file structure11.cif (mmCIF, C-alpha atoms and all ligand atoms)
data_data
loop_
_atom_site.label_atom_id
_atom_site.label_comp_id
_atom_site.auth_asym_id
_atom_site.auth_seq_id
_atom_site.Cartn_x
_atom_site.Cartn_y
_atom_site.Cartn_z
CA MET O 1 0.76 -5.17 -2.36
CA LEU O 2 -0.34 -7.79 -4.89
CA LEU O 3 3.13 -9.11 -5.61
CA PHE O 4 4.80 -11.31 -3.05
CA GLN O 5 8.00 -11.40 -5.06
CA SER O 6 10.13 -8.67 -6.45
CA PRO O 7 10.01 -8.30 -10.27
CA PRO O 8 13.42 -9.08 -11.85
CA PRO O 9 15.78 -6.12 -12.36
CA THR O 10 15.76 -4.41 -15.77
CA ARG O 11 18.26 -2.02 -17.37
CA TYR O 12 15.62 0.73 -17.13
CA ASP O 13 15.27 0.51 -13.35
CA LEU O 14 15.73 3.76 -11.48
CA ARG O 15 17.92 3.20 -8.42
CA PHE O 16 18.65 5.50 -5.51
CA SER O 17 18.58 5.35 -1.74
CA VAL O 18 16.80 7.24 1.03
CA ALA O 19 18.36 7.34 4.52
CA GLY O 20 20.50 4.33 3.61
CA ILE O 21 17.52 2.32 2.30
CA PRO O 22 18.03 1.17 -1.32
CA VAL O 23 15.09 1.93 -3.63
CA ARG O 24 14.51 0.40 -7.07
CA VAL O 25 11.75 1.64 -9.40
CA HIS O 26 10.66 -0.79 -12.12
CA PRO O 27 9.83 0.94 -15.45
CA LEU O 28 6.24 -0.38 -15.43
CA PHE O 29 5.61 1.65 -12.26
CA TRP O 30 5.69 4.85 -14.33
CA LEU O 31 3.35 3.41 -16.95
CA ILE O 32 0.70 2.51 -14.38
CA ALA O 33 1.06 5.90 -12.65
CA ILE O 34 0.53 7.66 -16.01
CA LEU O 35 -2.51 5.47 -16.80
CA PHE O 36 -4.06 6.40 -13.45
CA GLY O 37 -3.42 10.08 -14.02
CA SER O 38 -4.61 10.19 -17.61
CA SER O 39 -8.31 10.25 -16.72
CA GLY O 40 -8.06 13.92 -15.72
CA ASP O 41 -6.49 17.08 -17.09
CA LEU O 42 -3.50 16.21 -19.32
CA LEU O 43 -1.41 19.06 -17.90
CA LEU O 44 -1.77 17.58 -14.42
CA ILE O 45 -0.39 14.12 -15.38
CA PRO O 46 3.21 14.94 -14.29
CA ILE O 47 1.89 16.14 -10.92
CA TRP O 48 -0.23 13.03 -10.56
CA VAL O 49 2.73 10.76 -11.37
CA GLY O 50 4.92 12.64 -8.88
CA VAL O 51 2.26 12.37 -6.17
CA ILE O 52 1.80 8.61 -6.69
CA PHE O 53 5.59 8.14 -6.66
CA VAL O 54 6.09 10.11 -3.42
CA SER O 55 3.06 8.58 -1.69
CA ILE O 56 3.91 4.93 -2.41
CA LEU O 57 7.55 5.63 -1.54
CA VAL O 58 6.54 7.14 1.83
CA HIS O 59 4.38 4.07 2.54
CA GLU O 60 7.19 1.62 1.75
CA LEU O 61 9.79 3.67 3.66
CA GLY O 62 7.48 3.37 6.67
CA HIS O 63 7.79 -0.42 6.42
CA ALA O 64 11.57 -0.15 5.83
CA LEU O 65 12.10 2.04 8.91
CA ALA O 66 10.02 -0.39 10.97
CA PHE O 67 12.22 -3.28 9.74
CA ARG O 68 15.26 -1.21 10.76
CA ARG O 69 13.81 -0.80 14.25
CA GLN O 70 13.78 -4.62 14.50
CA GLY O 71 17.42 -4.65 13.42
CA LEU O 72 16.75 -5.71 9.81
CA SER O 73 17.95 -4.01 6.63
CA SER O 74 15.50 -3.97 3.75
CA GLN O 75 15.10 -2.68 0.23
CA VAL O 76 12.14 -0.99 -1.43
CA VAL O 77 10.86 -1.92 -4.90
CA LEU O 78 8.19 0.12 -6.68
CA HIS O 79 6.50 -1.97 -9.39
CA PHE O 80 3.39 -2.08 -11.55
CA ALA O 81 1.08 -3.00 -8.67
CA GLY O 82 2.38 -0.58 -6.03
CA GLY O 83 5.37 -1.25 -3.84
CA LEU O 84 7.15 -3.86 -1.81
CA THR O 85 9.64 -3.73 1.07
CA ILE O 86 11.85 -6.79 1.21
CA PRO O 87 13.96 -7.54 4.32
CA GLU O 88 17.50 -8.69 3.64
CA PRO O 89 18.24 -12.26 4.64
CA VAL O 90 20.72 -12.41 7.51
CA TYR O 91 23.73 -14.72 7.80
CA TRP O 92 22.89 -17.14 10.56
CA GLY O 93 25.47 -19.77 11.37
CA SER O 94 26.39 -21.37 8.07
CA GLY O 95 23.56 -20.19 5.86
CA LEU O 96 21.14 -17.45 4.96
CA THR O 97 17.91 -17.22 6.86
CA ASN O 98 15.06 -14.84 7.40
CA VAL O 99 15.11 -13.78 11.03
CA ALA O 100 11.96 -14.97 12.76
CA LEU O 101 9.97 -11.94 13.85
CA THR O 102 7.38 -12.20 16.59
CA ALA O 103 3.73 -11.67 15.63
CA ASN O 104 3.70 -8.26 17.32
CA GLN O 105 6.84 -7.18 15.46
CA GLN O 106 5.22 -8.21 12.17
CA ILE O 107 2.04 -6.31 13.05
CA PHE O 108 4.13 -3.22 13.86
CA ILE O 109 5.94 -3.47 10.50
CA SER O 110 2.66 -3.94 8.59
CA LEU O 111 1.02 -0.94 10.25
CA ALA O 112 4.07 1.29 9.74
CA GLY O 113 3.35 1.62 5.99
CA PRO O 114 -0.20 3.02 6.26
CA GLY O 115 0.90 4.90 9.39
CA ALA O 116 3.67 6.68 7.47
CA GLY O 117 1.16 7.71 4.79
CA PHE O 118 -1.35 9.04 7.34
CA LEU O 119 1.44 10.94 9.12
CA PHE O 120 2.57 12.41 5.81
CA ALA O 121 -1.03 13.45 4.98
CA ALA O 122 -1.30 15.07 8.44
CA LEU O 123 1.91 17.03 7.80
CA VAL O 124 0.59 18.20 4.41
CA LEU O 125 -2.71 19.17 6.06
CA GLY O 126 -0.81 21.10 8.75
CA GLY O 127 1.17 22.88 6.04
CA VAL O 128 -2.00 23.78 4.11
CA LEU O 129 -3.64 25.24 7.20
CA ALA O 130 -0.45 27.07 8.26
CA LEU O 131 -0.27 28.70 4.80
CA GLY O 132 -3.85 29.92 5.06
CA GLY O 133 -5.50 27.24 2.92
CA SER O 134 -8.41 24.98 3.76
CA VAL O 135 -9.43 21.37 3.13
CA ALA O 136 -12.97 20.07 2.68
CA THR O 137 -13.49 16.56 4.09
CA THR O 138 -16.18 13.93 4.03
CA TRP O 139 -16.75 10.99 6.36
CA LEU O 140 -16.40 7.48 4.97
CA LEU O 141 -18.70 5.02 6.81
CA GLY O 142 -19.35 7.85 9.27
CA PHE O 143 -15.98 7.76 11.08
CA ILE O 144 -13.08 7.83 8.60
CA PRO O 145 -12.16 11.36 7.45
CA LEU O 146 -11.51 11.55 3.70
CA PRO O 147 -9.98 14.73 2.28
CA LEU O 148 -11.87 15.98 -0.78
CA ASN O 149 -10.67 19.33 -2.05
CA ALA O 150 -7.94 21.60 -0.79
CA VAL O 151 -8.22 25.32 -1.43
CA MET O 152 -4.93 27.21 -1.48
CA PRO O 153 -4.63 30.99 -1.26
CA PHE O 154 -1.86 31.03 -3.90
CA GLY O 155 -0.45 29.04 -6.81
CA GLY O 156 -3.73 28.61 -8.66
CA LYS O 157 -4.94 25.34 -10.12
CA VAL O 158 -1.59 23.54 -10.04
CA VAL O 159 -0.87 23.99 -6.31
CA THR O 160 -4.48 23.24 -5.42
CA ALA O 161 -4.38 20.03 -7.49
CA LEU O 162 -1.01 19.02 -6.01
CA VAL O 163 -2.18 19.42 -2.42
CA THR O 164 -5.54 17.73 -3.06
CA MET O 165 -3.86 14.74 -4.73
CA LEU O 166 -1.21 14.42 -1.99
CA LEU O 167 -3.86 14.29 0.72
CA TRP O 168 -6.18 12.03 -1.20
CA VAL O 169 -3.63 9.47 -2.42
CA ASN O 170 -1.92 9.13 0.97
CA VAL O 171 -5.18 8.60 2.86
CA PHE O 172 -6.74 6.38 0.19
CA TRP O 173 -3.62 4.20 -0.24
CA GLY O 174 -3.35 3.71 3.53
CA LEU O 175 -7.02 2.75 3.84
CA ILE O 176 -6.88 0.35 0.86
CA ASN O 177 -3.86 -1.36 2.41
CA LEU O 178 -5.57 -1.73 5.79
CA VAL O 179 -8.43 -3.83 4.39
CA PRO O 180 -7.94 -7.30 5.98
CA VAL O 181 -7.25 -9.00 2.65
CA TYR O 182 -4.15 -10.99 1.65
CA PRO O 183 -1.50 -9.85 0.76
CA LEU O 184 -2.29 -6.28 1.84
CA ASP O 185 -0.96 -4.92 5.14
CA GLY O 186 -4.36 -5.37 6.81
CA GLY O 187 -4.35 -9.03 5.72
CA SER O 188 -0.99 -9.69 7.37
CA VAL O 189 -2.07 -7.88 10.54
CA MET O 190 -5.17 -10.09 10.77
CA ARG O 191 -3.17 -13.26 10.01
CA ASN O 192 -0.84 -12.48 12.92
CA ILE O 193 -3.76 -11.72 15.24
CA PHE O 194 -5.64 -14.91 14.26
CA VAL O 195 -2.54 -17.12 14.52
CA GLN O 196 -1.76 -15.77 18.01
CA ALA O 197 -5.32 -16.52 19.11
CA ASP O 198 -5.48 -19.91 17.36
CA PRO O 199 -2.08 -21.36 16.32
CA VAL O 200 -3.71 -24.46 14.78
CA ASP O 201 -6.41 -22.93 12.63
CA GLY O 202 -5.60 -19.20 12.59
CA VAL O 203 -4.23 -19.05 9.05
CA ARG O 204 -7.32 -20.74 7.60
CA LYS O 205 -9.64 -18.38 9.50
CA SER O 206 -7.69 -15.31 8.35
CA LEU O 207 -7.93 -16.55 4.73
CA TRP O 208 -11.71 -16.84 5.07
CA LEU O 209 -11.83 -13.31 6.46
CA SER O 210 -9.76 -12.27 3.43
CA VAL O 211 -12.26 -13.89 1.02
CA ILE O 212 -15.25 -12.25 2.71
CA ALA O 213 -13.67 -8.80 3.22
CA GLY O 214 -12.34 -8.82 -0.36
CA ALA O 215 -15.79 -9.66 -1.75
CA VAL O 216 -17.50 -7.02 0.41
CA VAL O 217 -15.05 -4.27 -0.60
CA ALA O 218 -15.27 -5.31 -4.28
CA LEU O 219 -19.07 -5.04 -4.22
CA GLY O 220 -19.06 -1.88 -2.09
CA GLY O 221 -16.47 -0.25 -4.35
CA PHE O 222 -18.49 -1.07 -7.43
CA PHE O 223 -21.97 -0.15 -6.22
CA LEU O 224 -21.22 2.66 -3.73
CA PHE O 225 -18.20 4.33 -5.37
CA ARG O 226 -18.73 3.09 -8.96
CA SER O 227 -15.07 2.10 -8.92
CA LEU O 228 -14.18 -0.62 -11.41
CA PHE O 229 -10.62 -0.47 -10.05
CA MET O 230 -11.72 -1.44 -6.52
CA ALA O 231 -14.09 -4.12 -7.84
CA LEU O 232 -11.38 -5.76 -9.96
CA LEU O 233 -8.57 -5.42 -7.40
CA PHE O 234 -10.52 -6.76 -4.42
CA GLY O 235 -12.38 -9.32 -6.51
CA LEU O 236 -9.02 -10.69 -7.67
CA LEU O 237 -7.55 -10.71 -4.15
CA ALA O 238 -10.64 -12.44 -2.71
CA PHE O 239 -10.35 -15.06 -5.46
CA GLN O 240 -6.63 -15.56 -4.75
CA SER O 241 -7.39 -16.13 -1.05
CA TYR O 242 -10.14 -18.60 -1.98
CA GLN O 243 -7.70 -20.47 -4.19
CA SER O 244 -5.09 -20.73 -1.46
CA LEU O 245 -7.79 -22.01 0.92
CA GLN O 246 -8.65 -24.72 -1.63
CA SER O 247 -5.03 -25.72 -2.18
CA ARG O 248 -3.81 -25.58 1.41
CA PHE O 249 -6.71 -26.83 3.50
ZN ZN U 301 2.30 -1.75 2.90
#

call {"tool": "encode", "arguments": {"input": "structure11.cif", "output": "C-alpha cells"}}
result
Amino acid sequence: MLLFQSPPPTRYDLRFSVAGIPVRVHPLFWLIAILFGSSGDLLLIPIWVGVIFVSILVHELGHALAFRRQGLSSQVVLHFAGGLTIPEPVYWGSGLTNVALTANQQIFISLAGPGAGFLFAALVLGGVLALGGSVATTWLLGFIPLPLNAVMPFGGKVVTALVTMLLWVNVFWGLINLVPVYPLDGGSVMRNIFVQADPVDGVRKSLWLSVIAGAVVALGGFFLFRSLFMALLFGLLAFQSYQSLQSRF
C-alpha cells in the first residue's frame, strides 16, 4: 500500500525467502512497527512488532502466491508504509515486459492479500477455540465481525496479548486494504471492475470513487473511532486520487 515503487535496497535490509518467494525488509519497517507498538505496554512491544511483521508478510505472500498461480514470479518488500509484492518482468521476444494480466486475474491477485490475512485469522481463531480459549467480537457496521479480546486458558498476559493482536491486526489490515481507494487492494479491484464496465471512462470513475471513499473513511475514522491514523492515511490517499484526476483528466 501507499508506495507504488519499491524503496531502494540498503545494507541494513533483511533478506530471506518463503516457499521460493524472495522477501526484503527495509530497515524503516521495524521503526514504524515499533512506533505503532509503543502506545501500549513496553514489554509487549517485541510481540507487537512480531505480529505486524507476520501479518503484513502473510498478506503480501497471498499476493505472491496469486501471481505464481498466473505463472508470474514476484518478490515481496516490507517498507515503512506496509508491504508491496512486485511481479518480475518476463523476457518477451527481445525485451523485458510486464505480462498483461486480464482484469479478472488482477482482481484475483488483489483479493488474495486480504484473503490470506482473513484465512490466517480464521486459523488462529480455530487454534484458540481448540485450545479452550475464547474470543469476544463486535460487529463493524452491523455485518463485519471484528475480534476484540481473546481469553486464553494458559500463558497469562503475554499469550493473551499475542493472540488478540494476531487476530486484530490480520482482520484490520485486510479491511483497510479492501477500502476502494487507490493504491490499496480495494482500489485496484474497483478500477478493474469499472474499466471492464466502461473501458473509456472507467479509470476516471474509479478515481472519483477513490476520492469519495477516502474522504468518508477519513471522516468516519476520525469521528467514530477517534483514529488520527485513519484520518491522515485516508485523507492523504483521497487527496492523491484527486490530484491524479486533476492531472490526467
Ligand atoms: Zn495488498

call {"tool": "closest_residue", "arguments": {"input": "structure11.cif", "among": "O:Leu84, O:Leu228, O:Leu61, O:Val49", "to": "Asp185 of chain O", "atoms": "only C-alpha atoms"}}
result
O:Leu84

call {"tool": "residues_near_ligand", "arguments": {"input": "structure11.cif", "ligand": "ligand ZN 301 (chain U)", "cutoff": "8 Å", "atoms": "all atoms listed in the file", "output": "short mmCIF file (atom, residue, chain, number, x, y, z; two decimals) with C-alpha atoms, keeping the file's coordinate frame"}}
result
data_model
loop_
_atom_site.label_atom_id
_atom_site.label_comp_id
_atom_site.auth_asym_id
_atom_site.auth_seq_id
_atom_site.Cartn_x
_atom_site.Cartn_y
_atom_site.Cartn_z
CA MET O 1 0.76 -5.17 -2.36
CA HIS O 59 4.38 4.07 2.54
CA GLU O 60 7.19 1.62 1.75
CA HIS O 63 7.79 -0.42 6.42
CA GLY O 83 5.37 -1.25 -3.84
CA LEU O 84 7.15 -3.86 -1.81
CA THR O 85 9.64 -3.73 1.07
CA SER O 110 2.66 -3.94 8.59
CA LEU O 111 1.02 -0.94 10.25
CA ALA O 112 4.07 1.29 9.74
CA GLY O 113 3.35 1.62 5.99
CA PRO O 114 -0.20 3.02 6.26
CA GLY O 174 -3.35 3.71 3.53
CA ASN O 177 -3.86 -1.36 2.41
CA LEU O 184 -2.29 -6.28 1.84
CA ASP O 185 -0.96 -4.92 5.14
#

call {"tool": "closest_residue", "arguments": {"input": "structure11.cif", "among": "O:Phe143, O:Trp48, O:Phe120, O:Phe249", "to": "Val200 of chain O", "atoms": "all atoms listed in the file"}}
result
O:Phe249

call {"tool": "atom_distance", "arguments": {"input": "structure11.cif", "atom1": "atom CA of Phe154 of chain O", "atom2": "atom CA of Ala121 of chain O"}}
result
19.7 Å

call {"tool": "closest_atom_pairs", "arguments": {"input": "structure11.cif", "of": "segment 190-217 of chain O", "to": "segment 221-227 of chain O", "cutoff": "10 Å", "atoms": "all atoms listed in the file", "output": "JSON lines"}}
result
{"residue": "O:Ala215", "atom": "CA", "partner": "O:Gly221", "partner_atom": "CA", "distance": 9.8}
{"residue": "O:Val216", "atom": "CA", "partner": "O:Gly221", "partner_atom": "CA", "distance": 8.3}
{"residue": "O:Val217", "atom": "CA", "partner": "O:Gly221", "partner_atom": "CA", "distance": 5.7}

call {"tool": "atom_distance", "arguments": {"input": "structure11.cif", "atom1": "atom CA of Thr137 of chain O", "atom2": "atom CA of Ala213 of chain O"}}
result
25.4 Å
